[in-house]
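Content type mmCIF, C-alpha atoms, from the file run.cif:
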```
data_model
loop_
_atom_site.label_atom_id
_atom_site.label_comp_id
_atom_site.auth_asym_id
_atom_site.auth_seq_id
_atom_site.Cartn_x
_atom_site.Cartn_y
_atom_site.Cartn_z
CA TYR A 1 275.64 62.91 162.67
CA ALA A 2 275.03 62.23 159.01
CA VAL A 3 275.50 58.78 157.57
CA TYR A 4 276.92 58.73 154.07
CA GLN A 5 275.82 55.93 151.75
CA GLY A 6 277.47 55.53 148.39
CA SER A 7 280.97 55.94 147.14
CA ILE A 8 283.34 58.60 145.88
CA ALA A 9 286.25 57.65 143.67
CA PHE A 10 289.47 59.55 144.31
CA THR A 11 292.27 59.64 141.78
CA GLY A 12 295.95 60.40 142.11
CA THR A 13 295.56 64.13 141.42
CA GLY A 14 297.85 65.31 144.19
CA GLU A 15 294.91 66.63 146.19
CA ARG A 16 294.69 66.03 149.92
CA VAL A 17 291.76 66.11 152.33
CA CYS A 18 292.86 68.18 155.34
CA PHE A 19 291.21 67.88 158.73
CA ASP A 20 290.65 70.36 161.54
CA SER A 21 288.28 68.78 164.07
CA GLY A 22 288.22 67.98 167.75
CA GLY A 23 286.07 64.94 167.00
CA GLY A 24 282.42 64.05 167.30
CA SER A 25 280.37 61.00 166.51
CA TYR A 26 282.43 57.86 165.98
CA ILE A 27 279.71 56.51 163.70
CA GLY A 28 280.02 59.71 161.65
CA GLY A 29 283.82 59.31 161.66
CA LEU A 30 283.44 55.78 160.32
CA ALA A 31 281.09 56.98 157.57
CA LEU A 32 283.60 59.67 156.61
CA ALA A 33 286.44 57.13 156.62
CA ASN A 34 284.49 54.93 154.19
CA MET A 35 283.69 57.91 151.99
CA LEU A 36 287.34 59.07 151.87
CA ARG A 37 288.81 55.65 151.06
CA GLY A 38 291.66 56.22 148.61
CA ALA A 39 292.15 59.91 149.44
CA SER A 40 295.37 61.38 150.77
CA THR A 41 294.80 63.00 154.17
CA GLY A 42 296.52 65.65 156.24
CA VAL A 43 296.41 67.91 159.28
CA ASP A 44 297.79 71.37 158.49
CA VAL A 45 299.75 73.99 160.46
CA GLY A 46 298.24 74.40 163.94
CA ASP A 47 295.13 72.32 163.08
CA THR A 48 293.68 69.48 165.14
CA CYS A 49 292.39 66.00 164.32
CA GLU A 50 291.30 64.08 167.39
CA SER A 51 288.82 61.45 168.48
CA ALA A 52 286.44 60.44 165.66
CA CYS A 53 288.42 62.60 163.20
CA PHE A 54 291.41 60.28 163.74
CA ILE A 55 289.51 57.36 162.17
CA ALA A 56 288.95 59.22 158.90
CA PHE A 57 292.47 60.70 158.90
CA MET A 58 294.04 57.24 159.26
CA MET A 59 292.39 56.08 156.03
CA GLY A 60 294.71 58.34 154.01
CA SER A 61 296.20 56.34 151.17
CA PHE A 62 297.40 56.58 147.60
CA ASP A 63 297.12 54.07 144.75
CA ARG A 64 300.51 54.00 143.08
CA MET A 65 299.28 53.44 139.54
CA GLU A 66 302.54 52.05 138.12
CA ASP A 67 302.43 48.93 140.29
CA ARG A 68 298.88 49.19 141.73
CA GLN A 69 300.27 49.16 145.25
CA ILE A 70 298.17 51.04 147.81
CA ILE A 71 300.43 52.94 150.17
CA PRO A 72 299.66 55.07 153.24
CA ASP A 73 299.48 58.78 152.51
CA ARG A 74 298.66 60.79 155.61
CA VAL A 75 300.70 63.75 156.76
CA MET A 76 300.67 66.05 159.74
CA HIS A 77 302.51 69.31 160.23
CA PRO A 78 304.81 69.32 163.30
CA SER A 79 302.58 72.00 164.91
CA ALA A 80 299.38 69.98 164.27
CA THR A 81 297.61 68.02 167.00
CA VAL A 82 296.53 64.45 166.26
CA GLY A 83 295.04 62.24 168.96
CA PHE A 84 292.76 59.32 169.68
CA HIS A 85 290.85 57.54 172.43
CA GLN A 86 288.17 54.90 172.74
CA PRO A 87 284.59 55.73 171.77
CA GLY A 88 282.51 57.01 174.64
CA ILE A 89 279.29 58.65 175.62
CA SER A 90 279.14 61.90 177.55
CA LEU A 91 276.84 61.39 180.52
CA THR A 92 274.76 64.40 181.48
CA GLN A 93 272.12 62.99 183.83
CA GLU A 94 272.21 61.67 187.37
CA SER A 95 270.45 58.38 186.55
CA TYR A 96 269.60 56.35 183.48
CA THR A 97 266.93 53.85 182.51
CA VAL A 98 267.64 50.33 181.39
CA GLU A 99 266.68 51.47 177.88
CA ASP A 100 269.25 54.31 178.02
CA VAL A 101 272.01 51.88 178.97
CA ALA A 102 270.92 49.37 176.32
CA LEU A 103 270.94 52.06 173.62
CA SER A 104 274.40 53.22 174.72
CA TRP A 105 275.71 49.66 174.52
CA GLU A 106 274.12 49.20 171.07
CA ILE A 107 275.82 52.36 169.76
CA ALA A 108 279.17 51.24 171.20
CA MET A 109 278.86 47.87 169.48
CA GLN A 110 277.97 49.59 166.18
CA VAL A 111 281.23 51.53 166.45
CA VAL A 112 283.25 48.37 167.17
CA ALA A 113 281.57 46.55 164.27
CA GLY A 114 282.15 49.54 161.99
CA MET A 115 285.85 49.66 162.84
CA LEU A 116 286.21 45.93 162.23
CA GLU A 117 284.36 46.31 158.92
CA LEU A 118 286.76 49.09 157.89
CA ARG A 119 289.67 46.80 158.59
CA ILE A 120 288.10 43.86 156.73
CA SER A 121 287.25 46.01 153.71
CA GLU A 122 290.79 47.46 153.67
CA GLN A 123 292.25 43.98 153.58
CA ASN A 124 289.84 42.88 150.83
CA ALA A 125 290.55 46.02 148.77
CA THR A 126 294.31 45.73 148.99
CA GLY A 127 294.58 41.95 149.00
CA ILE A 128 297.11 42.21 151.82
CA ASN A 129 297.01 42.46 155.56
CA PRO A 130 297.24 46.25 156.00
CA VAL A 131 300.29 46.67 158.20
CA LEU A 132 300.89 50.39 157.61
CA TYR A 133 297.52 51.18 156.06
CA GLY A 134 294.62 52.61 158.03
CA LEU A 135 293.59 51.09 161.33
CA ASN A 136 295.44 47.82 161.72
CA LYS A 137 294.82 45.61 164.74
CA GLU A 138 297.56 47.25 166.84
CA ARG A 139 296.20 50.76 166.19
CA MET A 140 292.66 49.64 166.92
CA ARG A 141 293.83 48.05 170.16
CA ASP A 142 295.63 51.27 171.10
CA MET A 143 292.45 53.29 170.46
CA PHE A 144 290.28 50.98 172.53
CA LEU A 145 292.71 51.10 175.49
CA VAL A 146 292.82 54.89 175.89
CA PRO A 147 289.93 55.91 178.19
CA PHE A 148 287.25 58.13 176.65
CA ARG A 149 288.04 61.06 178.95
CA GLU A 150 291.75 60.96 178.02
CA MET A 151 293.57 61.57 174.74
CA GLU A 152 296.66 59.83 173.38
CA ARG A 153 298.46 62.24 171.07
CA ILE A 154 300.96 61.75 168.29
CA GLU A 155 303.73 63.98 169.67
CA THR A 156 307.04 62.72 168.32
CA VAL A 157 308.46 61.62 165.00
CA ALA A 158 308.67 58.09 166.42
CA ASP A 159 304.94 58.21 167.31
CA ALA A 160 304.11 59.40 163.80
CA LEU A 161 306.22 56.70 162.16
CA ARG A 162 304.63 54.01 164.33
CA TYR A 163 301.21 55.11 163.04
CA GLY A 164 302.36 55.44 159.42
CA ILE A 165 302.10 59.24 159.43
CA THR A 166 304.59 61.41 157.56
#
```
I need this file expressed as structure tokens, please.
Amino acid sequence: YAVYQGSIAFTGTGERVCFDSGGGSYIGGLALANMLRGASTGVDVGDTCESACFIAFMMGSFDRMEDRQIIPDRVMHPSATVGFHQPGISLTQESYTVEDVALSWEIAMQVVAGMLELRISEQNATGINPVLYGLNKERMRDMFLVPFREMERIETVADALRYGIT
């Protein structure tokens, strides 16, 4: 994965970042989420945004210039697939060293810390507790409860509304 350092300023130009990804590195997903802060996001006809992609997608927002209110702005087409699960590591060996397990745990904790940092920075940027914006505590809890080898999908209008997705 690539780690992005720096910032990109998005303006209210009507542009939208659209995703089509089955996922990947959660640390990479966090870096992308930080990079895309303030961008409108979407998942187009028949496209997929799952796993680490979900983190970046959920950052979709728009700064309503007239009153400076930051509002959620993430959309998915009815035929799109959007899903999430907890971070995990694909095991490919029969046995692991203590160092392997320690490194796995360290990476997992980096992901948890990164998600908490996203939430803290959202709250600091907006000045409010982000109820519908990004990854609030309920959405983070939901992600951490879905086992790595499973996928919770946004399948109904009610699901989409609960996650602040249009």
Counting only C-alpha atoms, give me one row per residue of segment 60-79 of chain A with an atom at most 7 Å from an atom of segment 37-44 of chain A, showing the shortest contact pair and its distance in Å to one decimal, sorted by chain then residue number, as JSON lines.
```
{"residue": "A:Gly60", "atom": "CA", "partner": "A:Ser40", "partner_atom": "CA", "distance": 4.5}
{"residue": "A:Ser61", "atom": "CA", "partner": "A:Ser40", "partner_atom": "CA", "distance": 5.1}
{"residue": "A:Phe62", "atom": "CA", "partner": "A:Gly38", "partner_atom": "CA", "distance": 5.8}
{"residue": "A:Asp73", "atom": "CA", "partner": "A:Ser40", "partner_atom": "CA", "distance": 5.2}
{"residue": "A:Arg74", "atom": "CA", "partner": "A:Thr41", "partner_atom": "CA", "distance": 4.7}
{"residue": "A:Val75", "atom": "CA", "partner": "A:Gly42", "partner_atom": "CA", "distance": 4.6}
{"residue": "A:Met76", "atom": "CA", "partner": "A:Val43", "partner_atom": "CA", "distance": 4.7}
{"residue": "A:His77", "atom": "CA", "partner": "A:Asp44", "partner_atom": "CA", "distance": 5.4}
```
Picked residues, the PyMOL selection byres ((chain A and resi 81) around 12), expected as a compact mmCIF listing (two decimals) with C-alpha atoms, in the frame of the given file:
```txt
# COMPACT_ATOMS: atom_id res chain seq x y z
CA PHE A 19 291.21 67.88 158.73
CA ASP A 20 290.65 70.36 161.54
CA SER A 21 288.28 68.78 164.07
CA GLY A 22 288.22 67.98 167.75
CA GLY A 23 286.07 64.94 167.00
CA GLY A 42 296.52 65.65 156.24
CA VAL A 43 296.41 67.91 159.28
CA ASP A 44 297.79 71.37 158.49
CA VAL A 45 299.75 73.99 160.46
CA GLY A 46 298.24 74.40 163.94
CA ASP A 47 295.13 72.32 163.08
CA THR A 48 293.68 69.48 165.14
CA CYS A 49 292.39 66.00 164.32
CA GLU A 50 291.30 64.08 167.39
CA SER A 51 288.82 61.45 168.48
CA CYS A 53 288.42 62.60 163.20
CA PHE A 54 291.41 60.28 163.74
CA VAL A 75 300.70 63.75 156.76
CA MET A 76 300.67 66.05 159.74
CA HIS A 77 302.51 69.31 160.23
CA PRO A 78 304.81 69.32 163.30
CA SER A 79 302.58 72.00 164.91
CA ALA A 80 299.38 69.98 164.27
CA VAL A 82 296.53 64.45 166.26
CA GLY A 83 295.04 62.24 168.96
CA PHE A 84 292.76 59.32 169.68
CA MET A 151 293.57 61.57 174.74
CA GLU A 152 296.66 59.83 173.38
CA ARG A 153 298.46 62.24 171.07
CA ILE A 154 300.96 61.75 168.29
CA GLU A 155 303.73 63.98 169.67
CA THR A 156 307.04 62.72 168.32
CA ALA A 160 304.11 59.40 163.80
```
- Query: Suppose you want the space between atom CA of Gly88 of chain A and atom CA of Phe148 of chain A; what is it in Å?
  - Reply: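 Result for atom CA of Gly88 of chain A versus atom CA of Phe148 of chain A: 5.3 Å, one decimal.
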- Quick one: distance from atom CA of Ile70 of chain A to atom CA of Gly29 of chain A in Å, one decimal?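 Here the two named atoms are 21.6 Å from each other.
Atom CA of Ser104 of chain A lies 25.2 Å from atom CA of Glu138 of chain A.
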- Between A:Pro72, A:Pro147, A:Gly164, A:Gly24, single out the one closest to His85 of chain A, counting all atoms listed in the file. A:Pro147
- Best match for closeness to Ala56 of chain A among A:Tyr96, A:Leu135, A:Glu106, A:Val112, counting all atoms listed in the file: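 Comparing A:Tyr96, A:Leu135, A:Glu106, A:Val112 against Ala56 of chain A, the winner is A:Leu135.
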